[in-house]
file input13.cif (mmCIF, N, CA and C atoms)
data_data
loop_
_atom_site.label_atom_id
_atom_site.label_comp_id
_atom_site.auth_asym_id
_atom_site.auth_seq_id
_atom_site.Cartn_x
_atom_site.Cartn_y
_atom_site.Cartn_z
N MET Q 1 -40.85 -355.57 -73.54
CA MET Q 1 -41.45 -354.26 -73.75
C MET Q 1 -42.08 -353.80 -72.45
N GLY Q 2 -41.91 -352.49 -72.09
CA GLY Q 2 -42.40 -351.96 -70.83
C GLY Q 2 -43.89 -351.71 -70.84
N THR Q 3 -44.43 -351.64 -69.65
CA THR Q 3 -45.84 -351.32 -69.50
C THR Q 3 -45.97 -349.81 -69.37
N GLU Q 4 -47.21 -349.33 -69.35
CA GLU Q 4 -47.44 -347.89 -69.18
C GLU Q 4 -46.85 -347.42 -67.86
N ALA Q 5 -46.95 -348.25 -66.82
CA ALA Q 5 -46.40 -347.87 -65.52
C ALA Q 5 -44.89 -347.66 -65.61
N ASP Q 6 -44.21 -348.43 -66.48
CA ASP Q 6 -42.77 -348.26 -66.66
C ASP Q 6 -42.45 -346.97 -67.40
N SER Q 7 -43.38 -346.48 -68.18
CA SER Q 7 -43.08 -345.34 -69.05
C SER Q 7 -43.41 -343.99 -68.41
N VAL Q 8 -44.00 -343.97 -67.23
CA VAL Q 8 -44.28 -342.71 -66.56
C VAL Q 8 -43.29 -342.52 -65.42
N CYS Q 9 -43.04 -341.26 -65.10
CA CYS Q 9 -42.12 -340.98 -64.00
C CYS Q 9 -42.50 -339.68 -63.31
N SER Q 10 -41.96 -339.50 -62.14
CA SER Q 10 -42.20 -338.30 -61.34
C SER Q 10 -41.33 -337.16 -61.87
N ILE Q 11 -41.56 -335.97 -61.36
CA ILE Q 11 -40.77 -334.81 -61.78
C ILE Q 11 -39.31 -335.00 -61.38
N GLY Q 12 -39.06 -335.59 -60.22
CA GLY Q 12 -37.69 -335.83 -59.79
C GLY Q 12 -36.97 -336.80 -60.72
N ALA Q 13 -37.66 -337.87 -61.10
CA ALA Q 13 -37.07 -338.84 -62.02
C ALA Q 13 -36.87 -338.21 -63.39
N LEU Q 14 -37.83 -337.40 -63.83
CA LEU Q 14 -37.70 -336.73 -65.12
C LEU Q 14 -36.49 -335.79 -65.11
N ALA Q 15 -36.35 -335.06 -64.02
CA ALA Q 15 -35.20 -334.15 -63.89
C ALA Q 15 -33.89 -334.93 -63.97
N ALA Q 16 -33.82 -336.05 -63.26
CA ALA Q 16 -32.60 -336.87 -63.26
C ALA Q 16 -32.32 -337.45 -64.64
N ARG Q 17 -33.36 -337.91 -65.33
CA ARG Q 17 -33.17 -338.55 -66.64
C ARG Q 17 -32.81 -337.56 -67.74
N THR Q 18 -33.27 -336.31 -67.61
CA THR Q 18 -33.07 -335.34 -68.68
C THR Q 18 -32.00 -334.30 -68.38
N GLY Q 19 -31.60 -334.19 -67.11
CA GLY Q 19 -30.64 -333.17 -66.74
C GLY Q 19 -31.25 -331.78 -66.66
N VAL Q 20 -32.56 -331.71 -66.53
CA VAL Q 20 -33.27 -330.43 -66.42
C VAL Q 20 -33.79 -330.30 -65.00
N ASN Q 21 -33.47 -329.21 -64.35
CA ASN Q 21 -33.89 -328.94 -62.98
C ASN Q 21 -35.43 -328.99 -62.87
N ALA Q 22 -35.92 -329.52 -61.76
CA ALA Q 22 -37.37 -329.64 -61.56
C ALA Q 22 -38.08 -328.28 -61.64
N GLU Q 23 -37.45 -327.23 -61.11
CA GLU Q 23 -38.08 -325.91 -61.17
C GLU Q 23 -38.16 -325.42 -62.62
N THR Q 24 -37.16 -325.75 -63.41
CA THR Q 24 -37.17 -325.39 -64.83
C THR Q 24 -38.28 -326.14 -65.56
N ILE Q 25 -38.48 -327.40 -65.20
CA ILE Q 25 -39.57 -328.18 -65.79
C ILE Q 25 -40.91 -327.51 -65.47
N ARG Q 26 -41.10 -327.11 -64.22
CA ARG Q 26 -42.35 -326.41 -63.84
C ARG Q 26 -42.51 -325.11 -64.63
N TYR Q 27 -41.39 -324.39 -64.81
CA TYR Q 27 -41.42 -323.15 -65.57
C TYR Q 27 -41.85 -323.42 -67.01
N TYR Q 28 -41.28 -324.45 -67.64
CA TYR Q 28 -41.66 -324.79 -69.02
C TYR Q 28 -43.14 -325.15 -69.10
N GLU Q 29 -43.67 -325.76 -68.06
CA GLU Q 29 -45.11 -326.04 -68.02
C GLU Q 29 -45.91 -324.74 -67.94
N ARG Q 30 -45.48 -323.84 -67.04
CA ARG Q 30 -46.20 -322.57 -66.84
C ARG Q 30 -46.27 -321.75 -68.12
N ILE Q 31 -45.17 -321.75 -68.90
CA ILE Q 31 -45.15 -320.91 -70.10
C ILE Q 31 -45.64 -321.66 -71.35
N GLY Q 32 -46.04 -322.90 -71.17
CA GLY Q 32 -46.68 -323.64 -72.25
C GLY Q 32 -45.75 -324.37 -73.21
N LEU Q 33 -44.45 -324.46 -72.91
CA LEU Q 33 -43.57 -325.24 -73.77
C LEU Q 33 -43.76 -326.73 -73.54
N LEU Q 34 -44.01 -327.09 -72.32
CA LEU Q 34 -44.20 -328.49 -71.95
C LEU Q 34 -45.63 -328.65 -71.47
N PRO Q 35 -46.38 -329.59 -72.05
CA PRO Q 35 -47.77 -329.76 -71.61
C PRO Q 35 -47.82 -330.18 -70.14
N ARG Q 36 -48.82 -329.71 -69.47
CA ARG Q 36 -48.98 -330.09 -68.07
C ARG Q 36 -49.24 -331.60 -68.01
N PRO Q 37 -48.56 -332.28 -67.11
CA PRO Q 37 -48.72 -333.73 -67.03
C PRO Q 37 -49.98 -334.11 -66.29
N ARG Q 38 -50.37 -335.35 -66.44
CA ARG Q 38 -51.48 -335.82 -65.62
C ARG Q 38 -50.94 -335.96 -64.20
N ARG Q 39 -51.86 -336.06 -63.25
CA ARG Q 39 -51.47 -336.12 -61.84
C ARG Q 39 -52.08 -337.34 -61.16
N THR Q 40 -51.38 -337.77 -60.14
CA THR Q 40 -51.91 -338.85 -59.32
C THR Q 40 -53.03 -338.30 -58.46
N ASP Q 41 -53.75 -339.17 -57.78
CA ASP Q 41 -54.80 -338.72 -56.86
C ASP Q 41 -54.20 -337.83 -55.78
N GLY Q 42 -52.94 -338.05 -55.45
CA GLY Q 42 -52.25 -337.23 -54.45
C GLY Q 42 -51.69 -335.94 -55.01
N GLY Q 43 -51.86 -335.70 -56.30
CA GLY Q 43 -51.42 -334.45 -56.91
C GLY Q 43 -50.01 -334.47 -57.47
N HIS Q 44 -49.36 -335.63 -57.46
CA HIS Q 44 -48.00 -335.70 -58.00
C HIS Q 44 -48.04 -335.78 -59.53
N ARG Q 45 -47.11 -335.06 -60.15
CA ARG Q 45 -47.03 -335.07 -61.61
C ARG Q 45 -46.52 -336.42 -62.11
N LEU Q 46 -47.10 -336.86 -63.23
CA LEU Q 46 -46.64 -338.09 -63.89
C LEU Q 46 -46.34 -337.75 -65.34
N TYR Q 47 -45.09 -337.93 -65.73
CA TYR Q 47 -44.65 -337.60 -67.08
C TYR Q 47 -44.50 -338.87 -67.90
N ASP Q 48 -44.93 -338.80 -69.17
CA ASP Q 48 -44.82 -339.96 -70.04
C ASP Q 48 -43.63 -339.79 -70.99
N HIS Q 49 -43.43 -340.79 -71.81
CA HIS Q 49 -42.29 -340.80 -72.73
C HIS Q 49 -42.31 -339.59 -73.68
N GLY Q 50 -43.48 -339.23 -74.16
CA GLY Q 50 -43.59 -338.09 -75.07
C GLY Q 50 -43.17 -336.79 -74.41
N GLN Q 51 -43.54 -336.62 -73.15
CA GLN Q 51 -43.14 -335.41 -72.42
C GLN Q 51 -41.63 -335.41 -72.16
N ARG Q 52 -41.06 -336.59 -71.86
CA ARG Q 52 -39.60 -336.67 -71.67
C ARG Q 52 -38.90 -336.29 -72.97
N LYS Q 53 -39.38 -336.82 -74.08
CA LYS Q 53 -38.78 -336.55 -75.38
C LYS Q 53 -38.86 -335.05 -75.70
N ARG Q 54 -40.00 -334.45 -75.44
CA ARG Q 54 -40.18 -333.02 -75.69
C ARG Q 54 -39.26 -332.18 -74.81
N LEU Q 55 -39.10 -332.60 -73.55
CA LEU Q 55 -38.23 -331.87 -72.64
C LEU Q 55 -36.77 -331.95 -73.10
N VAL Q 56 -36.36 -333.10 -73.59
CA VAL Q 56 -34.99 -333.23 -74.12
C VAL Q 56 -34.82 -332.31 -75.32
N PHE Q 57 -35.82 -332.23 -76.17
CA PHE Q 57 -35.79 -331.31 -77.33
C PHE Q 57 -35.60 -329.87 -76.84
N ILE Q 58 -36.39 -329.48 -75.84
CA ILE Q 58 -36.31 -328.12 -75.31
C ILE Q 58 -34.93 -327.87 -74.72
N ARG Q 59 -34.43 -328.82 -73.93
CA ARG Q 59 -33.11 -328.67 -73.31
C ARG Q 59 -32.03 -328.51 -74.37
N ARG Q 60 -32.04 -329.36 -75.39
CA ARG Q 60 -31.03 -329.28 -76.44
C ARG Q 60 -31.12 -327.96 -77.19
N ALA Q 61 -32.33 -327.52 -77.51
CA ALA Q 61 -32.49 -326.25 -78.22
C ALA Q 61 -31.97 -325.09 -77.36
N ARG Q 62 -32.26 -325.12 -76.07
CA ARG Q 62 -31.77 -324.07 -75.18
C ARG Q 62 -30.25 -324.12 -75.05
N GLU Q 63 -29.67 -325.32 -75.02
CA GLU Q 63 -28.22 -325.46 -74.98
C GLU Q 63 -27.57 -324.85 -76.22
N LEU Q 64 -28.27 -324.92 -77.33
CA LEU Q 64 -27.77 -324.34 -78.57
C LEU Q 64 -28.08 -322.85 -78.67
N GLY Q 65 -28.64 -322.29 -77.62
CA GLY Q 65 -28.86 -320.86 -77.55
C GLY Q 65 -30.16 -320.36 -78.13
N PHE Q 66 -31.04 -321.25 -78.56
CA PHE Q 66 -32.34 -320.80 -79.05
C PHE Q 66 -33.09 -320.13 -77.90
N SER Q 67 -33.73 -319.02 -78.19
CA SER Q 67 -34.53 -318.33 -77.18
C SER Q 67 -35.79 -319.15 -76.89
N VAL Q 68 -36.46 -318.82 -75.83
CA VAL Q 68 -37.72 -319.49 -75.51
C VAL Q 68 -38.70 -319.31 -76.66
N GLU Q 69 -38.75 -318.12 -77.24
CA GLU Q 69 -39.68 -317.89 -78.36
C GLU Q 69 -39.29 -318.70 -79.59
N GLU Q 70 -38.00 -318.85 -79.84
CA GLU Q 70 -37.56 -319.67 -80.97
C GLU Q 70 -37.91 -321.15 -80.72
N VAL Q 71 -37.73 -321.60 -79.48
CA VAL Q 71 -38.12 -322.98 -79.14
C VAL Q 71 -39.62 -323.14 -79.34
N ARG Q 72 -40.37 -322.16 -78.89
CA ARG Q 72 -41.83 -322.19 -79.07
C ARG Q 72 -42.17 -322.30 -80.56
N GLU Q 73 -41.48 -321.53 -81.39
CA GLU Q 73 -41.72 -321.55 -82.83
C GLU Q 73 -41.40 -322.93 -83.42
N LEU Q 74 -40.27 -323.51 -83.01
CA LEU Q 74 -39.91 -324.85 -83.49
C LEU Q 74 -40.94 -325.88 -83.05
N LEU Q 75 -41.38 -325.78 -81.81
CA LEU Q 75 -42.37 -326.73 -81.30
C LEU Q 75 -43.71 -326.57 -82.01
N ARG Q 76 -44.07 -325.32 -82.35
CA ARG Q 76 -45.32 -325.11 -83.12
C ARG Q 76 -45.24 -325.82 -84.46
N LEU Q 77 -44.07 -325.76 -85.08
CA LEU Q 77 -43.89 -326.45 -86.35
C LEU Q 77 -44.05 -327.95 -86.17
N VAL Q 78 -43.40 -328.49 -85.14
CA VAL Q 78 -43.48 -329.93 -84.87
C VAL Q 78 -44.91 -330.32 -84.51
N ASP Q 79 -45.53 -329.53 -83.64
CA ASP Q 79 -46.89 -329.86 -83.19
C ASP Q 79 -47.91 -329.77 -84.32
N GLY Q 80 -47.66 -328.89 -85.27
CA GLY Q 80 -48.58 -328.75 -86.41
C GLY Q 80 -48.58 -330.00 -87.29
N GLY Q 81 -47.46 -330.72 -87.28
CA GLY Q 81 -47.38 -331.96 -88.02
C GLY Q 81 -47.15 -331.84 -89.50
N ASP Q 82 -47.29 -330.63 -90.05
CA ASP Q 82 -47.10 -330.49 -91.50
C ASP Q 82 -45.94 -329.54 -91.80
N HIS Q 83 -44.97 -329.52 -90.90
CA HIS Q 83 -43.81 -328.65 -91.08
C HIS Q 83 -42.90 -329.18 -92.19
N THR Q 84 -42.14 -328.26 -92.73
CA THR Q 84 -41.14 -328.66 -93.72
C THR Q 84 -39.76 -328.41 -93.13
N CYS Q 85 -38.80 -329.09 -93.67
CA CYS Q 85 -37.42 -328.89 -93.26
C CYS Q 85 -37.01 -327.44 -93.53
N ALA Q 86 -37.53 -326.85 -94.59
CA ALA Q 86 -37.21 -325.47 -94.93
C ALA Q 86 -37.67 -324.51 -93.83
N GLU Q 87 -38.83 -324.78 -93.24
CA GLU Q 87 -39.31 -323.92 -92.15
C GLU Q 87 -38.41 -324.03 -90.92
N VAL Q 88 -38.01 -325.24 -90.61
CA VAL Q 88 -37.11 -325.45 -89.47
C VAL Q 88 -35.76 -324.79 -89.75
N LYS Q 89 -35.28 -324.94 -90.97
CA LYS Q 89 -34.01 -324.32 -91.34
C LYS Q 89 -34.09 -322.80 -91.24
N SER Q 90 -35.20 -322.23 -91.61
CA SER Q 90 -35.37 -320.78 -91.54
C SER Q 90 -35.20 -320.28 -90.11
N VAL Q 91 -35.81 -320.96 -89.16
CA VAL Q 91 -35.67 -320.58 -87.75
C VAL Q 91 -34.20 -320.71 -87.34
N THR Q 92 -33.58 -321.79 -87.76
CA THR Q 92 -32.19 -322.06 -87.38
C THR Q 92 -31.23 -321.04 -88.00
N VAL Q 93 -31.44 -320.69 -89.25
CA VAL Q 93 -30.58 -319.73 -89.93
C VAL Q 93 -30.71 -318.34 -89.28
N ARG Q 94 -31.93 -317.96 -88.92
CA ARG Q 94 -32.13 -316.68 -88.20
C ARG Q 94 -31.37 -316.70 -86.89
N HIS Q 95 -31.45 -317.82 -86.18
CA HIS Q 95 -30.73 -317.94 -84.90
C HIS Q 95 -29.22 -317.88 -85.14
N LEU Q 96 -28.74 -318.55 -86.16
CA LEU Q 96 -27.32 -318.53 -86.49
C LEU Q 96 -26.85 -317.10 -86.77
N ALA Q 97 -27.63 -316.34 -87.49
CA ALA Q 97 -27.28 -314.94 -87.77
C ALA Q 97 -27.17 -314.15 -86.46
N ASP Q 98 -28.08 -314.41 -85.54
CA ASP Q 98 -28.04 -313.74 -84.23
C ASP Q 98 -26.78 -314.14 -83.47
N VAL Q 99 -26.43 -315.42 -83.50
CA VAL Q 99 -25.21 -315.90 -82.84
C VAL Q 99 -23.99 -315.21 -83.45
N ARG Q 100 -23.97 -315.10 -84.76
CA ARG Q 100 -22.84 -314.44 -85.42
C ARG Q 100 -22.74 -312.96 -85.05
N ARG Q 101 -23.89 -312.29 -84.91
CA ARG Q 101 -23.88 -310.89 -84.46
C ARG Q 101 -23.31 -310.79 -83.05
N LYS Q 102 -23.73 -311.71 -82.20
CA LYS Q 102 -23.22 -311.71 -80.82
C LYS Q 102 -21.72 -311.98 -80.78
N LEU Q 103 -21.25 -312.88 -81.64
CA LEU Q 103 -19.81 -313.16 -81.70
C LEU Q 103 -19.04 -311.91 -82.14
N ALA Q 104 -19.58 -311.20 -83.11
CA ALA Q 104 -18.94 -309.97 -83.57
C ALA Q 104 -18.90 -308.95 -82.44
N ASP Q 105 -20.00 -308.83 -81.70
CA ASP Q 105 -20.05 -307.91 -80.56
C ASP Q 105 -19.03 -308.33 -79.50
N LEU Q 106 -18.91 -309.62 -79.27
CA LEU Q 106 -17.93 -310.10 -78.29
C LEU Q 106 -16.51 -309.82 -78.75
N GLY Q 107 -16.27 -309.92 -80.05
CA GLY Q 107 -14.95 -309.58 -80.60
C GLY Q 107 -14.62 -308.12 -80.34
N LYS Q 108 -15.59 -307.23 -80.57
CA LYS Q 108 -15.39 -305.80 -80.29
C LYS Q 108 -15.13 -305.59 -78.81
N LEU Q 109 -15.90 -306.27 -77.98
CA LEU Q 109 -15.73 -306.16 -76.53
C LEU Q 109 -14.33 -306.60 -76.12
N GLU Q 110 -13.88 -307.71 -76.68
CA GLU Q 110 -12.54 -308.22 -76.37
C GLU Q 110 -11.46 -307.21 -76.76
N ARG Q 111 -11.58 -306.63 -77.95
CA ARG Q 111 -10.59 -305.66 -78.40
C ARG Q 111 -10.59 -304.42 -77.51
N THR Q 112 -11.77 -303.94 -77.15
CA THR Q 112 -11.86 -302.75 -76.30
C THR Q 112 -11.27 -303.02 -74.93
N LEU Q 113 -11.61 -304.15 -74.33
CA LEU Q 113 -11.04 -304.48 -73.02
C LEU Q 113 -9.53 -304.66 -73.11
N GLY Q 114 -9.06 -305.26 -74.18
CA GLY Q 114 -7.62 -305.42 -74.37
C GLY Q 114 -6.92 -304.08 -74.48
N THR Q 115 -7.53 -303.16 -75.22
CA THR Q 115 -6.95 -301.83 -75.39
C THR Q 115 -6.90 -301.07 -74.08
N ILE Q 116 -8.01 -301.04 -73.35
CA ILE Q 116 -8.01 -300.24 -72.11
C ILE Q 116 -7.16 -300.90 -71.02
N SER Q 117 -7.12 -302.22 -70.98
CA SER Q 117 -6.28 -302.86 -69.95
C SER Q 117 -4.80 -302.69 -70.28
N ALA Q 118 -4.44 -302.61 -71.57
CA ALA Q 118 -3.05 -302.40 -71.96
C ALA Q 118 -2.55 -301.02 -71.56
N ARG Q 119 -3.47 -300.06 -71.42
CA ARG Q 119 -3.10 -298.70 -71.02
C ARG Q 119 -2.73 -298.61 -69.54
N CYS Q 120 -3.08 -299.62 -68.78
CA CYS Q 120 -2.89 -299.57 -67.34
C CYS Q 120 -1.64 -300.35 -66.94
N ALA Q 121 -0.78 -299.69 -66.16
CA ALA Q 121 0.45 -300.33 -65.68
C ALA Q 121 0.17 -301.16 -64.43
N GLY Q 122 -1.00 -300.98 -63.85
CA GLY Q 122 -1.35 -301.75 -62.65
C GLY Q 122 -0.58 -301.32 -61.42
N GLY Q 123 -0.14 -300.10 -61.42
CA GLY Q 123 0.67 -299.60 -60.30
C GLY Q 123 -0.14 -299.31 -59.06
N LEU Q 124 0.52 -298.71 -58.10
CA LEU Q 124 -0.09 -298.41 -56.81
C LEU Q 124 -0.63 -296.99 -56.73
N VAL Q 125 -0.69 -296.30 -57.85
CA VAL Q 125 -1.22 -294.94 -57.87
C VAL Q 125 -2.73 -294.98 -58.05
N PRO Q 126 -3.46 -293.99 -57.57
CA PRO Q 126 -4.92 -294.01 -57.70
C PRO Q 126 -5.42 -293.71 -59.12
N ASP Q 127 -4.60 -293.06 -59.93
CA ASP Q 127 -5.01 -292.75 -61.29
C ASP Q 127 -4.98 -294.04 -62.12
N CYS Q 128 -6.10 -294.34 -62.74
CA CYS Q 128 -6.19 -295.59 -63.49
C CYS Q 128 -6.81 -295.32 -64.86
N PRO Q 129 -6.08 -295.63 -65.92
CA PRO Q 129 -6.62 -295.41 -67.27
C PRO Q 129 -7.86 -296.24 -67.58
N ILE Q 130 -8.03 -297.37 -66.90
CA ILE Q 130 -9.24 -298.18 -67.12
C ILE Q 130 -10.45 -297.42 -66.61
N LEU Q 131 -10.34 -296.87 -65.40
CA LEU Q 131 -11.45 -296.09 -64.85
C LEU Q 131 -11.71 -294.86 -65.70
N ASP Q 132 -10.63 -294.20 -66.17
CA ASP Q 132 -10.80 -293.03 -67.05
C ASP Q 132 -11.58 -293.42 -68.30
N ALA Q 133 -11.25 -294.55 -68.89
CA ALA Q 133 -11.95 -295.01 -70.09
C ALA Q 133 -13.42 -295.31 -69.81
N LEU Q 134 -13.72 -295.84 -68.64
CA LEU Q 134 -15.10 -296.14 -68.30
C LEU Q 134 -15.92 -294.87 -68.07
N PHE Q 135 -15.23 -293.78 -67.64
CA PHE Q 135 -15.93 -292.52 -67.43
C PHE Q 135 -16.14 -291.74 -68.72
N GLU Q 136 -15.42 -292.11 -69.79
CA GLU Q 136 -15.56 -291.39 -71.07
C GLU Q 136 -16.95 -291.64 -71.63
N ASP Q 137 -17.57 -290.60 -72.12
CA ASP Q 137 -18.91 -290.77 -72.68
C ASP Q 137 -18.89 -291.03 -74.18
N GLY Q 138 -17.74 -290.89 -74.78
CA GLY Q 138 -17.63 -291.16 -76.21
C GLY Q 138 -18.31 -290.12 -77.08
N LEU Q 139 -18.81 -289.06 -76.46
CA LEU Q 139 -19.53 -288.04 -77.23
C LEU Q 139 -18.64 -286.88 -77.61
N GLY Q 140 -17.44 -286.83 -77.02
CA GLY Q 140 -16.55 -285.69 -77.24
C GLY Q 140 -15.88 -285.75 -78.52
#
call {"tool": "encode", "arguments": {"input": "input13.cif", "output": "structure tokens"}}
result
Amino acid sequence: MGTEADSVCSIGALAARTGVNAETIRYYERIGLLPRPRRTDGGHRLYDHGQRKRLVFIRRARELGFSVEEVRELLRLVDGGDHTCAEVKSVTVRHLADVRRKLADLGKLERTLGTISARCAGGLVPDCPILDALFEDGLG
């Protein structure tokens, strides 16, 4: 079993172990997602196992597209200690609905780009139906 000295690490080591850039770690500290670590007499940050675990949680949530505010909400539930699975699911279901809206928007975007690019022969003339479509205001 490791000692406390084995369980603390510098910001560089934390970044390497978690795959989170050191500047991003500092940012998460500034905005309050990650508690500020204790410091050595020389001012170097020392992160413990709990902070590493929390940072991995934040990284995974961000990889899944949760916003900073959604991550903050999930962490508030965890930090409160009396959260229910239903509360966590509620945050996740709201996020899923947002992802689905974005996918629908991307589908529309794909169809529109496909339509306007299909109008263009890609010739050497200056007239371009893609540019014409971009200049349309859609109000006519």
call {"tool": "closest_residue", "arguments": {"input": "input13.cif", "among": "Q:Leu124, Q:Gly81, Q:Gly114, Q:His95", "to": "Ala61 in chain Q", "atoms": "only C-alpha atoms"}}
result
Q:His95
call {"tool": "resolve_selection", "arguments": {"input": "input13.cif", "expression": "the PyMOL selection byres (((chain Q and resi 13-28 and name CA) around 8) and name CA)", "output": "PyMOL selection string"}}
result
chain Q and resi 9-12+29-34+47+52+55-56+59
call {"tool": "select_by_dssp", "arguments": {"input": "input13.cif", "residues": "chain Q", "states": "helix (DSSP H, G or I)", "output": "JSON, numbers by chain"}}
result
{"Q": [4, 5, 6, 7, 11, 12, 13, 14, 15, 16, 17, 18, 22, 23, 24, 25, 26, 27, 28, 29, 30, 49, 50, 51, 52, 53, 54, 55, 56, 57, 58, 59, 60, 61, 62, 63, 68, 69, 70, 71, 72, 73, 74, 75, 76, 77, 78, 79, 80, 85, 86, 87, 88, 89, 90, 91, 92, 93, 94, 95, 96, 97, 98, 99, 100, 101, 102, 103, 104, 105, 106, 107, 108, 109, 110, 111, 112, 113, 114, 115, 116, 117, 118, 129, 130, 131, 132, 133, 134, 135]}
call {"tool": "select_by_dssp", "arguments": {"input": "input13.cif", "residues": "chain Q", "states": "strand (DSSP E)", "output": "number ranges by chain"}}
result
Q: 38-39, 45-46
call {"tool": "write_last_selection", "arguments": {"input": "input13.cif", "atoms": "N, CA and C atoms", "output": "PDB file, keeping the file's coordinate frame"}}
result
ATOM      1  N   ARG Q  38     -50.370-335.350 -66.440  1.00  0.00           N
ATOM      2  CA  ARG Q  38     -51.480-335.820 -65.620  1.00  0.00           C
ATOM      3  C   ARG Q  38     -50.940-335.960 -64.200  1.00  0.00           C
ATOM      4  N   ARG Q  39     -51.860-336.060 -63.250  1.00  0.00           N
ATOM      5  CA  ARG Q  39     -51.470-336.120 -61.840  1.00  0.00           C
ATOM      6  C   ARG Q  39     -52.080-337.340 -61.160  1.00  0.00           C
ATOM      7  N   ARG Q  45     -47.110-335.060 -60.150  1.00  0.00           N
ATOM      8  CA  ARG Q  45     -47.030-335.070 -61.610  1.00  0.00           C
ATOM      9  C   ARG Q  45     -46.520-336.420 -62.110  1.00  0.00           C
ATOM     10  N   LEU Q  46     -47.100-336.860 -63.230  1.00  0.00           N
ATOM     11  CA  LEU Q  46     -46.640-338.090 -63.890  1.00  0.00           C
ATOM     12  C   LEU Q  46     -46.340-337.750 -65.340  1.00  0.00           C
TER      13      LEU Q  46
END
